[in-house]
$ cat structure_29.pdb   # PDB, C-alpha atoms
ATOM      1  CA  MET D  28      15.199 -50.391   1.673  1.00  0.00           C
ATOM      2  CA  ASP D  29      12.361 -49.079  -0.444  1.00  0.00           C
ATOM      3  CA  LYS D  30      11.206 -50.565  -3.723  1.00  0.00           C
ATOM      4  CA  HIS D  31      12.364 -47.565  -5.750  1.00  0.00           C
ATOM      5  CA  VAL D  32      16.027 -48.159  -4.859  1.00  0.00           C
ATOM      6  CA  ILE D  33      15.785 -51.886  -5.603  1.00  0.00           C
ATOM      7  CA  VAL D  34      14.192 -51.247  -8.998  1.00  0.00           C
ATOM      8  CA  GLU D  35      16.830 -48.611  -9.762  1.00  0.00           C
ATOM      9  CA  ARG D  36      19.663 -51.038  -8.912  1.00  0.00           C
ATOM     10  CA  ARG D  37      18.119 -53.766 -11.062  1.00  0.00           C
ATOM     11  CA  CYS D  38      17.843 -51.322 -13.970  1.00  0.00           C
ATOM     12  CA  MET D  39      21.510 -50.341 -13.524  1.00  0.00           C
ATOM     13  CA  PHE D  40      22.488 -54.015 -13.478  1.00  0.00           C
ATOM     14  CA  ILE D  41      20.492 -54.775 -16.639  1.00  0.00           C
ATOM     15  CA  ASP D  42      22.010 -51.744 -18.377  1.00  0.00           C
ATOM     16  CA  ALA D  43      25.495 -52.948 -17.417  1.00  0.00           C
ATOM     17  CA  LEU D  44      24.791 -56.409 -18.796  1.00  0.00           C
ATOM     18  CA  LEU D  45      23.446 -54.964 -22.047  1.00  0.00           C
ATOM     19  CA  THR D  46      26.509 -52.780 -22.568  1.00  0.00           C
ATOM     20  CA  ILE D  47      28.784 -55.729 -21.828  1.00  0.00           C
ATOM     21  CA  SER D  48      26.827 -57.851 -24.293  1.00  0.00           C
ATOM     22  CA  SER D  49      27.070 -55.214 -27.004  1.00  0.00           C
ATOM     23  CA  ARG D  50      30.824 -54.862 -26.378  1.00  0.00           C
ATOM     24  CA  ALA D  51      31.247 -58.628 -26.642  1.00  0.00           C
ATOM     25  CA  ASN D  52      29.306 -58.765 -29.917  1.00  0.00           C
ATOM     26  CA  THR D  53      31.265 -55.903 -31.485  1.00  0.00           C
ATOM     27  CA  ALA D  54      34.580 -57.302 -30.231  1.00  0.00           C
ATOM     28  CA  SER D  55      33.899 -60.772 -31.628  1.00  0.00           C
ATOM     29  CA  ALA D  56      32.737 -59.318 -34.959  1.00  0.00           C
ATOM     30  CA  SER D  57      35.859 -57.170 -35.350  1.00  0.00           C
ATOM     31  CA  ILE D  58      38.369 -59.996 -34.840  1.00  0.00           C
ATOM     32  CA  LYS D  59      40.204 -60.766 -38.063  1.00  0.00           C
ATOM     33  CA  PRO D  60      42.859 -63.414 -38.645  1.00  0.00           C
ATOM     34  CA  PRO D  61      46.314 -61.979 -39.374  1.00  0.00           C
ATOM     35  CA  LYS D  62      47.456 -61.696 -42.980  1.00  0.00           C
ATOM     36  CA  GLY D  63      48.901 -64.877 -44.395  1.00  0.00           C
ATOM     37  CA  ALA D  64      47.973 -66.902 -41.327  1.00  0.00           C
ATOM     38  CA  SER D  65      47.076 -70.511 -41.780  1.00  0.00           C
ATOM     39  CA  SER D  66      44.962 -72.599 -39.453  1.00  0.00           C
ATOM     40  CA  GLY D  67      46.651 -73.218 -36.124  1.00  0.00           C
ATOM     41  CA  LYS D  68      48.801 -71.065 -33.915  1.00  0.00           C
ATOM     42  CA  SER D  69      51.889 -69.335 -35.207  1.00  0.00           C
ATOM     43  CA  LYS D  70      55.187 -69.111 -33.353  1.00  0.00           C
ATOM     44  CA  SER D  71      55.911 -65.415 -33.810  1.00  0.00           C
ATOM     45  CA  SER D  72      54.584 -62.340 -35.541  1.00  0.00           C
ATOM     46  CA  GLU D  73      57.851 -61.741 -37.413  1.00  0.00           C
ATOM     47  CA  SER D  74      57.372 -64.883 -39.495  1.00  0.00           C
ATOM     48  CA  GLN D  75      54.089 -63.512 -40.840  1.00  0.00           C
ATOM     49  CA  GLY D  76      55.491 -60.141 -41.776  1.00  0.00           C
ATOM     50  CA  GLY D  77      53.257 -58.115 -39.436  1.00  0.00           C
ATOM     51  CA  ASP D  78      54.406 -55.828 -36.666  1.00  0.00           C
ATOM     52  CA  ALA D  79      53.997 -57.036 -33.099  1.00  0.00           C
ATOM     53  CA  ALA D  80      51.761 -54.155 -31.990  1.00  0.00           C
ATOM     54  CA  SER D  81      49.002 -54.865 -34.490  1.00  0.00           C
ATOM     55  CA  ASP D  82      49.038 -58.641 -33.955  1.00  0.00           C
ATOM     56  CA  ALA D  83      49.109 -58.490 -30.162  1.00  0.00           C
ATOM     57  CA  MET D  84      46.804 -60.938 -28.423  1.00  0.00           C
ATOM     58  CA  GLN D  85      44.025 -59.465 -26.343  1.00  0.00           C
ATOM     59  CA  THR D  86      42.236 -61.313 -23.561  1.00  0.00           C
ATOM     60  CA  ARG D  87      38.477 -61.719 -23.511  1.00  0.00           C
ATOM     61  CA  SER D  88      38.360 -59.683 -20.315  1.00  0.00           C
ATOM     62  CA  ALA D  89      40.102 -56.783 -22.036  1.00  0.00           C
ATOM     63  CA  LYS D  90      37.808 -57.018 -25.066  1.00  0.00           C
ATOM     64  CA  VAL D  91      34.703 -56.825 -22.914  1.00  0.00           C
ATOM     65  CA  GLY D  92      36.127 -54.375 -20.374  1.00  0.00           C
ATOM     66  CA  LEU D  93      35.931 -56.540 -17.249  1.00  0.00           C
ATOM     67  CA  GLN D  94      38.367 -56.971 -14.385  1.00  0.00           C
ATOM     68  CA  PHE D  95      37.403 -60.579 -13.684  1.00  0.00           C
ATOM     69  CA  LEU D  96      39.164 -63.136 -15.855  1.00  0.00           C
ATOM     70  CA  VAL D  97      36.696 -64.520 -18.393  1.00  0.00           C
ATOM     71  CA  GLY D  98      38.984 -67.363 -19.480  1.00  0.00           C
ATOM     72  CA  ARG D  99      39.465 -68.640 -15.953  1.00  0.00           C
ATOM     73  CA  ILE D 100      35.741 -68.526 -15.207  1.00  0.00           C
ATOM     74  CA  HIS D 101      35.087 -70.376 -18.478  1.00  0.00           C
ATOM     75  CA  ARG D 102      37.561 -73.071 -17.438  1.00  0.00           C
ATOM     76  CA  TYR D 103      35.937 -73.404 -14.000  1.00  0.00           C
ATOM     77  CA  LEU D 104      32.481 -73.660 -15.563  1.00  0.00           C
ATOM     78  CA  LYS D 105      33.671 -76.436 -17.865  1.00  0.00           C
ATOM     79  CA  GLN D 106      35.230 -78.300 -14.935  1.00  0.00           C
ATOM     80  CA  LEU D 107      32.083 -78.081 -12.829  1.00  0.00           C
ATOM     81  CA  THR D 108      29.678 -79.421 -15.439  1.00  0.00           C
ATOM     82  CA  GLN D 109      28.912 -83.097 -15.748  1.00  0.00           C
ATOM     83  CA  HIS D 110      28.608 -85.209 -18.887  1.00  0.00           C
ATOM     84  CA  ASN D 111      30.822 -82.840 -20.948  1.00  0.00           C
ATOM     85  CA  VAL D 112      28.089 -80.284 -21.612  1.00  0.00           C
ATOM     86  CA  ARG D 113      29.141 -77.466 -23.922  1.00  0.00           C
ATOM     87  CA  ILE D 114      29.638 -74.122 -22.202  1.00  0.00           C
ATOM     88  CA  GLY D 115      29.323 -71.205 -24.619  1.00  0.00           C
ATOM     89  CA  ALA D 116      31.773 -68.320 -24.668  1.00  0.00           C
ATOM     90  CA  GLU D 117      29.085 -65.763 -23.778  1.00  0.00           C
ATOM     91  CA  THR D 118      28.203 -67.752 -20.658  1.00  0.00           C
ATOM     92  CA  ALA D 119      31.592 -66.999 -19.159  1.00  0.00           C
ATOM     93  CA  VAL D 120      31.281 -63.318 -20.077  1.00  0.00           C
ATOM     94  CA  TYR D 121      27.861 -62.982 -18.432  1.00  0.00           C
ATOM     95  CA  THR D 122      28.978 -64.924 -15.353  1.00  0.00           C
ATOM     96  CA  SER D 123      32.086 -62.810 -14.892  1.00  0.00           C
ATOM     97  CA  ALA D 124      30.041 -59.622 -15.363  1.00  0.00           C
ATOM     98  CA  ILE D 125      27.575 -60.725 -12.699  1.00  0.00           C
ATOM     99  CA  LEU D 126      30.362 -61.676 -10.282  1.00  0.00           C
ATOM    100  CA  GLU D 127      32.148 -58.375 -10.872  1.00  0.00           C
ATOM    101  CA  TYR D 128      28.950 -56.392 -10.296  1.00  0.00           C
ATOM    102  CA  LEU D 129      28.116 -58.232  -7.063  1.00  0.00           C
ATOM    103  CA  THR D 130      31.685 -57.853  -5.795  1.00  0.00           C
ATOM    104  CA  ALA D 131      31.696 -54.128  -6.528  1.00  0.00           C
ATOM    105  CA  GLU D 132      28.314 -53.706  -4.830  1.00  0.00           C
ATOM    106  CA  ILE D 133      29.379 -55.564  -1.678  1.00  0.00           C
ATOM    107  CA  LEU D 134      32.714 -53.745  -1.482  1.00  0.00           C
ATOM    108  CA  GLU D 135      31.037 -50.370  -1.907  1.00  0.00           C
ATOM    109  CA  LEU D 136      28.579 -51.070   0.904  1.00  0.00           C
ATOM    110  CA  ALA D 137      31.357 -52.469   3.110  1.00  0.00           C
ATOM    111  CA  SER D 138      33.515 -49.397   2.520  1.00  0.00           C
ATOM    112  CA  ASN D 139      30.546 -47.206   3.471  1.00  0.00           C
ATOM    113  CA  ALA D 140      30.156 -49.222   6.683  1.00  0.00           C
ATOM    114  CA  SER D 141      33.848 -48.860   7.506  1.00  0.00           C
ATOM    115  CA  THR D 142      33.833 -45.109   6.888  1.00  0.00           C
ATOM    116  CA  VAL D 143      30.777 -44.693   9.128  1.00  0.00           C
ATOM    117  CA  LEU D 144      32.741 -46.434  11.870  1.00  0.00           C
ATOM    118  CA  ARG D 145      35.785 -44.235  11.045  1.00  0.00           C
ATOM    119  CA  LEU D 146      38.061 -47.085   9.992  1.00  0.00           C
ATOM    120  CA  LYS D 147      40.283 -47.311   6.945  1.00  0.00           C
ATOM    121  CA  LEU D 148      40.327 -51.086   6.519  1.00  0.00           C
ATOM    122  CA  ILE D 149      37.400 -53.286   5.572  1.00  0.00           C
ATOM    123  CA  ALA D 150      37.014 -56.060   8.133  1.00  0.00           C
ATOM    124  CA  PRO D 151      34.809 -59.164   7.854  1.00  0.00           C
ATOM    125  CA  ARG D 152      32.409 -57.441  10.216  1.00  0.00           C
ATOM    126  CA  HIS D 153      31.930 -54.638   7.680  1.00  0.00           C
ATOM    127  CA  LEU D 154      31.189 -57.187   4.962  1.00  0.00           C
ATOM    128  CA  GLN D 155      28.573 -58.787   7.170  1.00  0.00           C
ATOM    129  CA  LEU D 156      27.061 -55.398   8.012  1.00  0.00           C
ATOM    130  CA  ALA D 157      26.938 -54.550   4.306  1.00  0.00           C
ATOM    131  CA  ILE D 158      25.271 -57.814   3.310  1.00  0.00           C
ATOM    132  CA  CYS D 159      22.760 -57.802   6.163  1.00  0.00           C
ATOM    133  CA  GLY D 160      22.021 -54.098   5.690  1.00  0.00           C
ATOM    134  CA  ASP D 161      21.019 -54.511   2.060  1.00  0.00           C
ATOM    135  CA  GLU D 162      17.723 -56.324   1.514  1.00  0.00           C
ATOM    136  CA  GLY D 163      18.593 -57.755  -1.903  1.00  0.00           C
ATOM    137  CA  LEU D 164      22.034 -59.005  -0.890  1.00  0.00           C
ATOM    138  CA  ASP D 165      20.657 -60.454   2.328  1.00  0.00           C
ATOM    139  CA  THR D 166      18.179 -62.613   0.436  1.00  0.00           C
ATOM    140  CA  LEU D 167      20.834 -63.571  -2.138  1.00  0.00           C
ATOM    141  CA  VAL D 168      23.679 -64.529   0.196  1.00  0.00           C
ATOM    142  CA  CYS D 169      21.847 -65.904   3.271  1.00  0.00           C
ATOM    143  CA  ALA D 170      25.101 -66.860   4.996  1.00  0.00           C
ATOM    144  CA  THR D 171      27.205 -65.963   7.981  1.00  0.00           C
ATOM    145  CA  ILE D 172      30.730 -64.723   7.415  1.00  0.00           C
ATOM    146  CA  ALA D 173      33.621 -66.192   9.368  1.00  0.00           C
ATOM    147  CA  SER D 174      34.997 -63.685  11.900  1.00  0.00           C
ATOM    148  CA  GLY D 175      31.935 -61.567  11.301  1.00  0.00           C
ATOM    149  CA  VAL D 176      31.173 -61.680  15.043  1.00  0.00           C
ATOM    150  CA  VAL D 177      27.535 -61.905  16.144  1.00  0.00           C
ATOM    151  CA  SER D 178      24.918 -61.965  13.423  1.00  0.00           C
ATOM    152  CA  LEU D 179      21.912 -61.369  15.704  1.00  0.00           C
ATOM    153  CA  PHE D 180      20.303 -57.946  16.041  1.00  0.00           C
ATOM    154  CA  ILE D 181      22.512 -56.136  13.543  1.00  0.00           C
ATOM    155  CA  HIS D 182      21.657 -52.482  13.358  1.00  0.00           C
ATOM    156  CA  LYS D 183      21.098 -51.245   9.856  1.00  0.00           C
ATOM    157  CA  VAL D 184      24.010 -49.175   8.586  1.00  0.00           C
ATOM    158  CA  PRO D 185      22.914 -46.060   6.730  1.00  0.00           C
ATOM    159  CA  THR D 186      23.664 -46.516   3.041  1.00  0.00           C
ATOM    160  CA  PHE D 187      24.785 -43.594   0.939  1.00  0.00           C
ATOM    161  CA  ILE D 188      23.565 -43.996  -2.609  1.00  0.00           C
TER     162      ILE D 188
END
$ encode --input "structure_29.pdb" --output "structure tokens"
Amino acid sequence: MDKHVIVERRCMFIDALLTISSRANTASASIKPPKGASSGKSKSSESQGGDAASDAMQTRSAKVGLQFLVGRIHRYLKQLTQHNVRIGAETAVYTSAILEYLTAEILELASNASTVLRLKLIAPRHLQLAICGDEGLDTLVCATIASGVVSLFIHKVPTFI
């Protein structure tokens, strides 16, 4: 893979992170507490006098526009740290954005490999072909996939970008 394609992918990834960051900043700035709400959680929206549609809760994933669950990743990050280190809210957003981007990239390359071989399903072999065929992913992952068959002498699959 030539350097131009790698630089172009990195620029796309940085642009995606910047748009996600700007969405997160605007979403957190636009959050207002409901009218008449005191500190703590309320039982229902009828007790506050507001309609249910305007007071509906929205997940952090929906605010930022991600498919990966930001709350779950935040919980996992807190569980994996030692000495009760504080994990910021933006950390989970960035981590989920990175994971979503890498997953989409691998699945796109694996689907290209399966269509070249005229198959409709993505097998572990196609994932391994996709990872080994891409120079950046190959250096990032550096692993063998279970049921990925033989990892030696893999022919490069033509990528369609």
$ atom_distance --input "structure_29.pdb" --atom1 "atom CA of Gly163 of chain D" --atom2 "atom CA of Glu132 of chain D"
10.9 Å
$ atom_distance --input "structure_29.pdb" --atom1 "atom CA of Gly115 of chain D" --atom2 "atom CA of Leu129 of chain D"
21.9 Å
$ resolve_selection --input "structure_29.pdb" --expression "the PyMOL selection byres ((chain D and resi 151) around 9)" --output "ChimeraX atom specification"
/D:137,149-150,152-156,172-176
$ residues_near_point --input "structure_29.pdb" --point "(32.1, -73.0, -19.0)" --cutoff "7 Å" --atoms "only C-alpha atoms" --output "PDB file with C-alpha atoms, keeping the file's coordinate frame"
ATOM      1  CA  ILE D 100      35.741 -68.526 -15.207  1.00  0.00           C
ATOM      2  CA  HIS D 101      35.087 -70.376 -18.478  1.00  0.00           C
ATOM      3  CA  ARG D 102      37.561 -73.071 -17.438  1.00  0.00           C
ATOM      4  CA  TYR D 103      35.937 -73.404 -14.000  1.00  0.00           C
ATOM      5  CA  LEU D 104      32.481 -73.660 -15.563  1.00  0.00           C
ATOM      6  CA  LYS D 105      33.671 -76.436 -17.865  1.00  0.00           C
ATOM      7  CA  ILE D 114      29.638 -74.122 -22.202  1.00  0.00           C
ATOM      8  CA  GLY D 115      29.323 -71.205 -24.619  1.00  0.00           C
ATOM      9  CA  THR D 118      28.203 -67.752 -20.658  1.00  0.00           C
ATOM     10  CA  ALA D 119      31.592 -66.999 -19.159  1.00  0.00           C
TER      11      ALA D 119
END
$ residues_around --input "structure_29.pdb" --residues "segment 139-142 of chain D" --least-positions-apart "5" --cutoff "7 Å" --atoms "only C-alpha atoms" --output "PyMOL selection string"
chain D and resi 147-149+153+157+184+186
$ axis_aligned_box --input "structure_29.pdb" --around "segment 87-99 of chain D" --padding-each-side "8 Å" --output "AutoDock Vina command-line options"
--center_x 37.4 --center_y -61.5 --center_z -19.4 --size_x 21.4 --size_y 30.3 --size_z 27.4
$ atom_distance --input "structure_29.pdb" --atom1 "atom CA of Pro185 of chain D" --atom2 "atom CA of Leu136 of chain D"
9.5 Å
$ closest_residue --input "structure_29.pdb" --among "D:Leu144, D:Ala116, D:Ile133, D:Ala89" --to "Cys159 of chain D" --atoms "only C-alpha atoms"
D:Ile133
$ closest_residue --input "structure_29.pdb" --among "D:Gln94, D:Gln85, D:Thr171, D:Thr166" --to "Thr130 of chain D" --atoms "only C-alpha atoms"
D:Gln94
$ closest_residue --input "structure_29.pdb" --among "D:Phe95, D:Lys90, D:Met84, D:Glu162" --to "Ile125 of chain D" --atoms "all atoms listed in the file"
D:Phe95
$ closest_residue --input "structure_29.pdb" --among "D:Ala83, D:Phe187, D:Leu96, D:Leu167" --to "Ser123 of chain D" --atoms "all atoms listed in the file"
D:Leu96
